[in-house]
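Trainee: The file below is input-v7.txt, compact mmCIF, C-alpha atoms:
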```txt
# COMPACT_ATOMS: atom_id res chain seq x y z
CA MET A 1 0.00 0.00 0.00
CA LYS A 2 2.78 2.37 1.03
CA LEU A 3 4.81 1.32 -2.05
CA ALA A 4 1.90 2.23 -4.38
CA GLU A 5 1.56 5.61 -2.68
CA ASN A 6 5.29 6.24 -3.07
CA ASN A 7 5.05 5.33 -6.78
CA ASN A 8 2.14 7.77 -7.22
CA ASN A 9 4.10 10.57 -5.57
CA PHE A 10 7.11 9.86 -7.75
CA PHE A 11 4.93 9.87 -10.86
CA SER A 12 3.35 13.17 -9.78
CA TYR A 13 6.76 14.78 -9.25
CA LEU A 14 7.83 13.48 -12.64
CA LEU A 15 4.76 15.06 -14.30
CA VAL A 16 5.30 18.39 -12.54
CA LEU A 17 8.95 18.26 -13.65
CA LEU A 18 7.79 17.51 -17.19
CA GLY A 19 5.38 20.47 -16.96
CA PHE A 20 8.17 22.83 -15.93
CA PHE A 21 10.39 21.37 -18.64
CA LEU A 22 7.69 22.19 -21.19
CA VAL A 23 7.28 25.72 -19.81
CA PHE A 24 10.98 26.57 -19.78
CA PHE A 25 12.17 24.88 -22.93
CA ILE A 26 9.20 24.96 -25.29
CA THR A 27 6.37 27.28 -24.18
CA LYS A 28 8.76 30.13 -23.36
CA ASN A 29 10.39 29.97 -26.82
CA ILE A 30 7.07 29.80 -28.59
CA TYR A 31 5.86 32.79 -26.55
CA ALA A 32 9.00 34.75 -27.46
CA ASP A 33 8.47 33.89 -31.16
CA LEU A 34 4.86 34.99 -30.88
CA GLN A 35 5.84 38.32 -29.33
CA SER A 36 8.34 38.87 -32.12
CA SER A 37 5.75 37.95 -34.77
CA LEU A 38 3.16 40.27 -33.22
CA ASP A 39 5.69 43.15 -33.15
CA LEU A 40 6.56 42.48 -36.79
CA LYS A 41 2.88 42.37 -37.68
CA GLN A 42 2.24 45.69 -35.97
CA ASN A 43 5.17 47.34 -37.78
CA GLN A 44 4.10 45.87 -41.11
CA GLU A 45 0.55 47.10 -40.62
CA ILE A 46 1.84 50.61 -39.97
CA ASP A 47 4.14 50.30 -43.00
CA LEU A 48 1.28 49.03 -45.16
CA GLN A 49 -0.95 51.93 -44.11
CA ALA A 50 1.82 54.42 -44.89
CA LYS A 51 2.44 52.85 -48.31
CA ASN A 52 -1.28 52.85 -49.03
CA ASP A 53 -1.50 56.55 -48.15
CA GLU A 54 1.55 57.29 -50.30
CA LEU A 55 0.11 55.38 -53.24
CA ASN A 56 -3.23 57.15 -52.89
CA SER A 57 -1.58 60.56 -52.79
CA LEU A 58 0.55 59.64 -55.81
CA ASN A 59 -2.52 58.45 -57.71
CA THR A 60 -4.34 61.67 -56.85
CA LEU A 61 -1.33 63.74 -57.92
CA GLU A 62 -1.03 61.80 -61.17
CA ARG A 63 -4.72 62.32 -61.95
CA GLU A 64 -4.41 66.04 -61.22
CA LEU A 65 -1.32 66.37 -63.37
CA GLU A 66 -2.92 64.45 -66.23
CA ALA A 67 -6.09 66.51 -65.94
CA LYS A 68 -4.00 69.68 -65.62
CA GLN A 69 -5.98 70.73 -62.57
CA SER A 70 -3.10 71.25 -60.22
CA GLU A 71 -2.16 74.80 -59.33
CA ASP A 72 1.45 73.85 -59.82
CA ILE A 73 0.99 72.33 -63.28
CA SER A 74 2.02 75.55 -65.02
CA GLU A 75 5.04 75.69 -62.74
CA ILE A 76 6.26 72.26 -63.80
CA THR A 77 5.34 72.29 -67.49
CA VAL A 78 8.07 74.87 -68.11
CA PHE A 79 10.64 72.32 -67.00
CA SER A 80 9.44 69.90 -69.68
CA ALA A 81 9.84 72.32 -72.58
CA ASP A 82 11.91 71.30 -75.59
CA VAL A 83 15.46 72.46 -74.84
CA SER A 84 17.07 71.50 -78.13
CA GLU A 85 19.23 74.17 -79.80
CA ALA A 86 16.62 74.47 -82.55
CA ALA A 87 13.80 75.09 -80.08
CA ILE A 88 15.78 77.66 -78.07
CA LEU A 89 16.91 79.45 -81.23
CA ASP A 90 13.33 79.46 -82.51
CA TYR A 91 12.05 80.85 -79.21
CA LEU A 92 14.61 83.67 -79.05
CA HIS A 93 14.28 84.69 -82.70
CA SER A 94 10.48 84.47 -82.65
CA TYR A 95 10.55 86.82 -79.66
CA ALA A 96 12.87 89.24 -81.47
CA ALA A 97 10.83 89.05 -84.69
CA ALA A 98 7.66 89.96 -82.78
CA LYS A 99 9.43 92.92 -81.16
CA ASN A 100 11.04 94.12 -84.36
CA ILE A 101 7.65 94.68 -86.04
CA ASN A 102 7.15 97.69 -83.75
CA ASN A 103 10.66 99.12 -84.21
CA ASP A 104 11.30 97.98 -80.65
CA THR A 105 14.30 96.24 -82.09
CA ILE A 106 16.50 93.61 -80.62
CA ILE A 107 19.20 92.22 -82.91
CA TYR A 108 21.24 89.22 -81.86
CA ARG A 109 24.91 89.39 -82.74
CA SER A 110 25.59 85.94 -81.35
CA ILE A 111 23.88 83.27 -79.28
CA ASN A 112 25.97 80.66 -77.47
CA ILE A 113 24.17 77.66 -76.03
CA VAL A 114 26.02 75.35 -73.62
CA ASP A 115 24.48 72.35 -71.88
CA ALA A 116 26.00 72.44 -68.39
CA GLY A 117 24.53 69.07 -67.42
CA VAL A 118 22.74 68.33 -64.16
CA ASN A 119 23.18 70.96 -61.47
CA GLU A 120 23.36 70.68 -57.69
CA ILE A 121 19.56 70.59 -57.28
CA TRP A 122 19.18 67.88 -59.96
CA PHE A 123 17.77 70.02 -62.74
CA GLY A 124 19.33 70.03 -66.17
CA GLU A 125 20.98 73.38 -66.85
CA ILE A 126 21.60 75.19 -70.12
CA ASN A 127 23.63 78.38 -70.16
CA ILE A 128 22.87 80.83 -72.93
CA SER A 129 25.05 83.80 -73.64
CA ILE A 130 23.49 86.38 -75.92
CA SER A 131 25.34 89.29 -77.45
CA ALA A 132 22.72 91.71 -78.74
CA ILE A 133 22.00 95.25 -79.85
CA VAL A 134 18.78 96.69 -78.49
CA ALA A 135 17.09 99.87 -79.59
CA TRP A 136 16.24 101.24 -76.18
CA GLU A 137 16.95 100.60 -72.54
CA LYS A 138 13.23 99.93 -72.11
CA THR A 139 13.45 97.20 -74.78
CA LEU A 140 16.30 95.61 -72.86
CA MET A 141 14.38 95.68 -69.57
CA THR A 142 11.28 94.19 -71.22
CA PHE A 143 13.41 91.46 -72.77
CA LEU A 144 14.96 90.59 -69.39
CA ASP A 145 11.54 90.59 -67.70
CA ASP A 146 9.98 88.43 -70.41
CA MET A 147 12.78 85.88 -70.32
CA ALA A 148 12.67 85.52 -66.52
CA LYS A 149 8.92 85.71 -65.99
CA ASP A 150 7.15 82.71 -64.49
CA ASN A 151 4.81 82.03 -67.41
CA SER A 152 7.56 82.07 -70.01
CA GLN A 153 8.07 79.05 -72.30
CA TYR A 154 11.23 78.19 -70.35
CA LYS A 155 12.27 78.45 -66.73
CA MET A 156 14.99 81.03 -67.15
CA PHE A 157 17.10 82.79 -64.58
CA ILE A 158 19.53 85.69 -64.79
CA ARG A 159 22.37 85.26 -62.34
CA ASN A 160 24.38 88.30 -63.33
CA PHE A 161 24.11 91.19 -65.69
CA ALA A 162 25.97 94.41 -66.48
CA TYR A 163 25.33 97.30 -68.81
CA PRO A 164 26.02 101.06 -69.12
CA LEU A 165 23.20 103.09 -67.56
CA ASN A 166 21.56 106.14 -69.11
CA GLU A 167 22.64 105.39 -72.68
CA THR A 168 19.30 106.60 -73.95
CA THR A 169 20.35 108.29 -77.16
CA SER A 170 21.83 105.34 -79.02
CA ASN A 171 21.51 101.61 -79.41
CA LEU A 172 22.71 99.51 -76.51
CA GLN A 173 25.16 96.72 -77.08
CA VAL A 174 24.82 94.20 -74.27
CA ASN A 175 25.77 90.70 -73.23
CA ILE A 176 22.88 88.82 -71.63
CA PRO A 177 23.57 85.62 -69.71
CA LEU A 178 20.52 83.39 -69.29
CA THR A 179 20.19 80.04 -67.57
CA ILE A 180 17.47 77.51 -68.40
CA TYR A 181 16.47 74.84 -65.88
CA TYR A 182 14.84 71.73 -67.32
CA LYS A 183 14.05 68.17 -66.38
CA MET B 1 -3.51 17.31 -10.09
CA ALA B 2 -0.08 16.88 -11.71
CA VAL B 3 -1.73 15.38 -14.77
CA TRP B 4 -4.03 18.40 -15.11
CA PHE B 5 -1.03 20.67 -14.76
CA VAL B 6 0.78 18.95 -17.65
CA ILE B 7 -2.40 18.93 -19.75
CA PHE B 8 -2.87 22.66 -19.08
CA ILE B 9 0.73 23.44 -20.05
CA THR B 10 0.43 21.33 -23.19
CA VAL B 11 -2.82 23.00 -24.24
CA VAL B 12 -1.41 26.48 -23.65
CA THR B 13 1.76 25.61 -25.57
CA MET B 14 -0.23 24.18 -28.48
CA GLY B 15 -2.47 27.25 -28.48
CA LEU B 16 0.52 29.60 -28.57
CA PHE B 17 2.14 27.52 -31.31
CA LEU B 18 -0.97 27.61 -33.49
CA TYR B 19 -1.53 31.34 -32.88
CA ASN B 20 2.11 32.05 -33.74
CA ASN B 21 1.76 30.09 -36.99
CA LYS B 22 -1.32 32.16 -37.86
CA VAL B 23 0.51 35.45 -37.15
CA VAL B 24 3.53 34.31 -39.21
CA ALA B 25 1.20 33.52 -42.13
CA GLU B 26 -0.43 36.96 -41.77
CA ASN B 27 3.02 38.58 -41.73
CA THR B 28 3.94 36.82 -44.96
CA GLU B 29 0.73 38.07 -46.54
CA LEU B 30 1.39 41.61 -45.29
CA GLN B 31 4.91 41.47 -46.69
CA GLU B 32 3.51 40.46 -50.09
CA GLN B 33 1.01 43.34 -49.98
CA ILE B 34 3.81 45.78 -49.11
CA SER B 35 5.91 44.47 -52.01
CA VAL B 36 2.99 44.98 -54.41
CA LEU B 37 2.49 48.53 -53.09
CA ASP B 38 6.21 49.24 -53.36
CA SER B 39 6.28 48.24 -57.00
CA SER B 40 3.15 50.32 -57.72
CA ILE B 41 4.72 53.33 -55.98
CA SER B 42 8.00 52.88 -57.88
CA GLU B 43 6.11 52.65 -61.17
CA ILE B 44 4.25 55.93 -60.55
CA GLU B 45 7.32 57.68 -59.16
CA GLY B 46 9.21 56.75 -62.31
CA LYS B 47 6.85 58.78 -64.51
CA PRO B 48 8.52 61.97 -65.81
CA ASN B 49 5.79 64.40 -64.72
CA ILE B 50 5.77 62.98 -61.19
CA GLN B 51 9.56 63.17 -61.02
CA THR B 52 9.48 66.78 -62.20
CA TYR B 53 6.76 67.67 -59.71
CA ARG B 54 8.66 66.04 -56.82
CA LEU B 55 11.86 67.85 -57.81
CA TYR B 56 9.98 71.13 -58.13
CA GLU B 57 8.31 70.71 -54.71
CA LYS B 58 11.64 69.87 -53.11
CA ASN B 59 13.36 72.94 -54.58
CA LYS B 60 10.43 75.36 -54.66
CA ASN B 61 12.09 77.81 -52.29
CA ILE B 62 15.40 77.79 -54.11
CA LEU B 63 13.67 78.33 -57.47
CA SER B 64 11.65 81.15 -55.97
CA GLN B 65 14.88 82.70 -54.74
CA PHE B 66 16.41 82.41 -58.22
CA SER B 67 13.33 84.08 -59.74
CA CYS B 68 13.63 86.89 -57.24
CA ARG B 69 17.30 87.20 -58.08
CA SER B 70 16.44 87.56 -61.76
CA GLN B 71 14.35 90.72 -61.37
CA ILE B 72 16.96 92.88 -63.06
CA SER B 73 14.57 95.60 -64.25
CA THR B 74 13.28 96.10 -60.68
CA TYR B 75 16.79 96.61 -59.40
CA VAL B 76 17.74 98.93 -62.29
CA SER B 77 14.62 101.05 -61.70
CA HIS B 78 15.35 101.17 -57.99
CA LEU B 79 18.89 102.36 -58.60
CA LYS B 80 17.85 104.97 -61.16
CA ASN B 81 14.95 106.30 -59.10
CA ASN B 82 17.08 106.72 -56.01
CA ALA B 83 19.94 108.28 -57.94
CA SER B 84 17.62 110.85 -59.51
CA LYS B 85 15.90 111.50 -56.15
CA TYR B 86 19.23 112.68 -54.71
CA PHE B 87 20.42 114.35 -57.98
CA ILE B 88 23.17 111.77 -58.37
CA SER B 89 23.99 110.08 -61.64
CA ALA B 90 24.74 106.38 -61.98
CA LYS B 91 26.98 105.38 -64.88
CA TRP B 92 27.12 101.63 -64.72
CA PHE B 93 24.99 98.75 -63.52
CA SER B 94 26.62 95.47 -62.61
CA TYR B 95 24.71 92.79 -60.77
CA ALA B 96 25.85 89.42 -59.43
CA ASP B 97 25.13 87.36 -56.31
CA TRP B 98 22.53 89.78 -54.91
CA LYS B 99 25.05 92.60 -55.14
CA ILE B 100 24.95 95.67 -57.35
CA THR B 101 28.05 97.68 -58.07
CA THR B 102 27.95 101.01 -59.85
CA ASP B 103 29.83 104.28 -60.29
CA LEU B 104 27.96 107.27 -58.90
CA SER B 105 28.75 110.93 -59.31
CA ALA B 106 27.30 114.20 -58.08
CA SER B 107 28.01 117.73 -59.36
CA THR B 108 27.54 121.11 -57.80
CA ASP B 109 24.61 122.88 -59.50
CA THR B 110 21.36 124.65 -58.70
CA ASN B 111 20.11 121.58 -56.79
CA GLY B 112 22.95 121.80 -54.29
CA THR B 113 26.61 121.15 -53.85
CA SER B 114 28.09 117.83 -54.82
CA TYR B 115 29.04 116.83 -51.27
CA GLU B 116 25.61 117.80 -49.86
CA LYS B 117 23.87 115.52 -52.37
CA ILE B 118 26.13 112.63 -51.50
CA VAL B 119 25.90 113.16 -47.75
CA THR B 120 22.08 113.32 -47.92
CA PHE B 121 22.03 110.18 -50.03
CA LEU B 122 24.38 108.25 -47.74
CA LYS B 123 22.38 109.32 -44.67
CA GLU B 124 18.87 108.85 -45.98
CA TYR B 125 19.04 105.84 -48.29
CA PRO B 126 19.97 103.20 -45.66
CA ILE B 127 17.02 104.17 -43.43
CA GLY B 128 14.50 104.67 -46.25
CA GLU B 129 11.38 102.49 -45.99
CA ASN B 130 11.54 101.53 -49.66
CA SER B 131 15.25 100.79 -49.76
CA LEU B 132 15.84 97.37 -51.26
CA PHE B 133 19.54 97.25 -50.55
CA ASP B 134 22.01 97.67 -47.73
CA ILE B 135 24.94 99.83 -48.75
CA GLU B 136 28.52 98.80 -48.24
CA ALA B 137 31.16 101.20 -46.93
CA VAL B 138 32.37 103.74 -49.50
CA GLU B 139 36.14 103.94 -49.31
CA SER B 140 37.03 106.77 -51.70
CA PHE B 141 35.51 109.93 -53.12
CA ASP B 142 37.26 111.53 -56.08
CA GLY B 143 36.89 115.20 -57.04
CA PHE B 144 35.50 118.37 -55.50
CA ASP B 145 32.80 120.12 -57.58
CA ARG B 146 32.12 116.84 -59.23
CA ILE B 147 32.56 113.92 -56.87
CA ASN B 148 32.78 110.38 -58.21
CA PHE B 149 32.61 107.30 -56.04
CA PRO B 150 32.22 103.58 -56.59
CA TRP B 151 29.28 102.08 -54.75
CA SER B 152 28.25 98.55 -53.83
CA PHE B 153 25.05 97.44 -52.24
CA ILE B 154 23.61 94.09 -51.28
CA LEU B 155 19.97 93.11 -51.33
CA ASN B 156 18.35 93.90 -47.99
CA GLN B 157 17.98 90.90 -45.67
CA ASN B 158 14.20 91.41 -45.40
CA ILE B 159 13.78 91.42 -49.18
CA TYR B 160 16.11 88.45 -49.46
CA GLU B 161 14.09 86.49 -46.90
CA ALA B 162 10.83 87.47 -48.61
CA CYS B 163 12.14 85.76 -51.73
CA TRP B 164 12.20 82.49 -49.81
CA GLU B 165 8.54 82.64 -48.75
```
Would you write out, as structure tokens, the structure that this file holds?
Mentor:
Amino acid sequence: MKLAENNNNFFSYLLVLLGFFLVFFITKNIYADLQSSLDLKQNQEIDLQAKNDELNSLNTLERELEAKQSEDISEITVFSADVSEAAILDYLHSYAAAKNINNDTIIYRSINIVDAGVNEIWFGEINISISAIVAWEKTLMTFLDDMAKDNSQYKMFIRNFAYPLNETTSNLQVNIPLTIYYK
Amino acid sequence: MAVWFVIFITVVTMGLFLYNNKVVAENTELQEQISVLDSSISEIEGKPNIQTYRLYEKNKNILSQFSCRSQISTYVSHLKNNASKYFISAKWFSYADWKITTDLSASTDTNGTSYEKIVTFLKEYPIGENSLFDIEAVESFDGFDRINFPWSFILNQNIYEACWE
């Protein structure tokens, strides 16, 4: 009778030991894996939501750009203009031809076009150096304004410029440096 | 009691194992969805108009600054108007890096003596409400009845900052 009771106790201890063995060597590892998987799931859900939002905003932007509804569309279309030598030459001479009808003359002596490659803010850059004779100072100022205005055919900037002031009685001979940004 | 303990541990362990497998499967599915989204995003981002727009948005302030810098006629008019206001003549306009350099001269005539015109100009222009530029120190004045001096001025900080807005 006592022997059977001792055997039962031994078997019980063995089962409890087995239980602890399971907890420490199997359950604990599975729990750690589960925690790791749940953390990964949470991060991936956040990531997925962010990617979904990004894709939606990109789709919206694409639709707006295609439909030309965006306020900025006019701002970016200038960067997509044809920047071939032929197109630039056509643009400059068409401008001069339109001016020259009204005796508001601008005569190009030379036009140098140099592709400077991609600049520090990742736009393509073309440097144009124009040597010209203009009828009046006002013609010169109008030309500079028209080249650099926002709704011009090209996105042009004038980084530096020099000319003699108050030469109002004769034609002005000037060098005009222009820079086109394109993409 | 010990048997129930082992059964309980086994059931909990099995439950955790199965739940973990389910979460791992969900993670794999999420990863696939993210990959699909990534490729869709890359495809749209690769389109030229989107690239241009992104580049424009990123550099909007710099481009605005360059546009501001290109307003040559505004700066010429400003120089001429202020020169005539103080009966001073400007001979040359040179502009680079927000800085204008010019040769100014003032003569003694019915509007005042040459030095008075220059002194008034040097005193009043820097504090004028409509002054676009800050003047740099003038180091030499040549002449007496007709005084010539080179002059440099840099776009006012407030105007410069406004170009960035």
Trainee: Do you have the atom CA of Asn160 of chain A-atom CA of Ser80 of chain A distance handy?
Mentor: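 Answer for the atom CA of Asn160 of chain A to atom CA of Ser80 of chain A separation: 24.5 Å.
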Trainee: Using only C-alpha atoms, which of A:Gln42, A:Asn29, A:Arg159, A:Thr179 sits nearest Asp97 of chain B?
Mentor: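 Using only C-alpha atoms, Asp97 of chain B sits closest to A:Arg159.
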Trainee: In terms of the shortest atom-to-atom distance over all atoms listed in the file, which of B:Tyr75, B:Tyr19, B:Phe66, B:Tyr115 is closest to Asp142 of chain B?
Mentor: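 For Asp142 of chain B, the nearest of the candidates is B:Tyr115.
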Trainee: Have a look at B:Leu37, B:Val12, B:Leu104, B:Ile72 and name the one nearest to Lys149 of chain A; count only C-alpha atoms.
Mentor: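 Of B:Leu37, B:Val12, B:Leu104, B:Ile72, the one nearest Lys149 of chain A is B:Ile72, counting only C-alpha atoms.
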Trainee: Per residue of segment 23-101 of chain B within 12 Å of segment 135-141 of chain A, note the shortest atom pair and the distance in Å to one decimal, counting only C-alpha atoms, and order the rows by chain and increasing residue number, as a Markdown table.
Mentor:
```
| residue | atom | partner | partner_atom | distance |
| --- | --- | --- | --- | --- |
| B:Ser70 | CA | A:Met141 | CA | 11.5 |
| B:Gln71 | CA | A:Met141 | CA | 9.6 |
| B:Ile72 | CA | A:Met141 | CA | 7.5 |
| B:Ser73 | CA | A:Met141 | CA | 5.3 |
| B:Thr74 | CA | A:Met141 | CA | 9.0 |
| B:Tyr75 | CA | A:Met141 | CA | 10.5 |
| B:Val76 | CA | A:Met141 | CA | 8.7 |
| B:Ser77 | CA | A:Met141 | CA | 9.5 |
```
Trainee: What's the separation between atom CA of Thr60 of chain A and atom CA of Ser67 of chain B, in Å to one decimal place?
Mentor: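 Atom CA of Ser67 of chain B lies 28.7 Å from atom CA of Thr60 of chain A.
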Trainee: If I take atom CA of Ala98 of chain A and atom CA of Ala116 of chain A, how far is one from the other in Å, to one decimal?
Mentor: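 A separation of 29.2 Å between them.
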Trainee: For chain A, work out the contacting residues on chain B at 6 Å, counting all atoms listed in the file, and write them as a list in words.
Mentor: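 Taking all atoms listed in the file into account, Ala2, Val6, Thr13, Asn20, Asn27, Ile34, Ile41, Ser70, Ser73, Lys91, Trp92, Phe93, Ser94, Tyr95 and Ala96 of chain B sit within 6 Å of chain A.
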Trainee: Create the file for the chosen residues now, containing C-alpha atoms and written as a compact mmCIF listing (two decimals), in the coordinates of the input.
Mentor:
```
# COMPACT_ATOMS: atom_id res chain seq x y z
CA ALA B 2 -0.08 16.88 -11.71
CA VAL B 6 0.78 18.95 -17.65
CA THR B 13 1.76 25.61 -25.57
CA ASN B 20 2.11 32.05 -33.74
CA ASN B 27 3.02 38.58 -41.73
CA ILE B 34 3.81 45.78 -49.11
CA ILE B 41 4.72 53.33 -55.98
CA SER B 70 16.44 87.56 -61.76
CA SER B 73 14.57 95.60 -64.25
CA LYS B 91 26.98 105.38 -64.88
CA TRP B 92 27.12 101.63 -64.72
CA PHE B 93 24.99 98.75 -63.52
CA SER B 94 26.62 95.47 -62.61
CA TYR B 95 24.71 92.79 -60.77
CA ALA B 96 25.85 89.42 -59.43
```
Trainee: Would you compute an axis-aligned box for segment 110-113 of chain A, covering every atom listed for it in the file with 3 Å of margin on each side, and report centre and edge lengths in Å to one decimal as JSON?
Mentor:
```
{"center_x": 24.9, "center_y": 81.8, "center_z": -78.7, "size_x": 8.1, "size_y": 14.3, "size_z": 11.3}
```
Trainee: Which residues are close to Ser131 of chain B, i.e. within 9 Å by all atoms listed in the file, leaving aside same-chain residues fewer than 6 positions away? Reply as a ChimeraX atom specification.
Mentor: /B:78,82,125,156
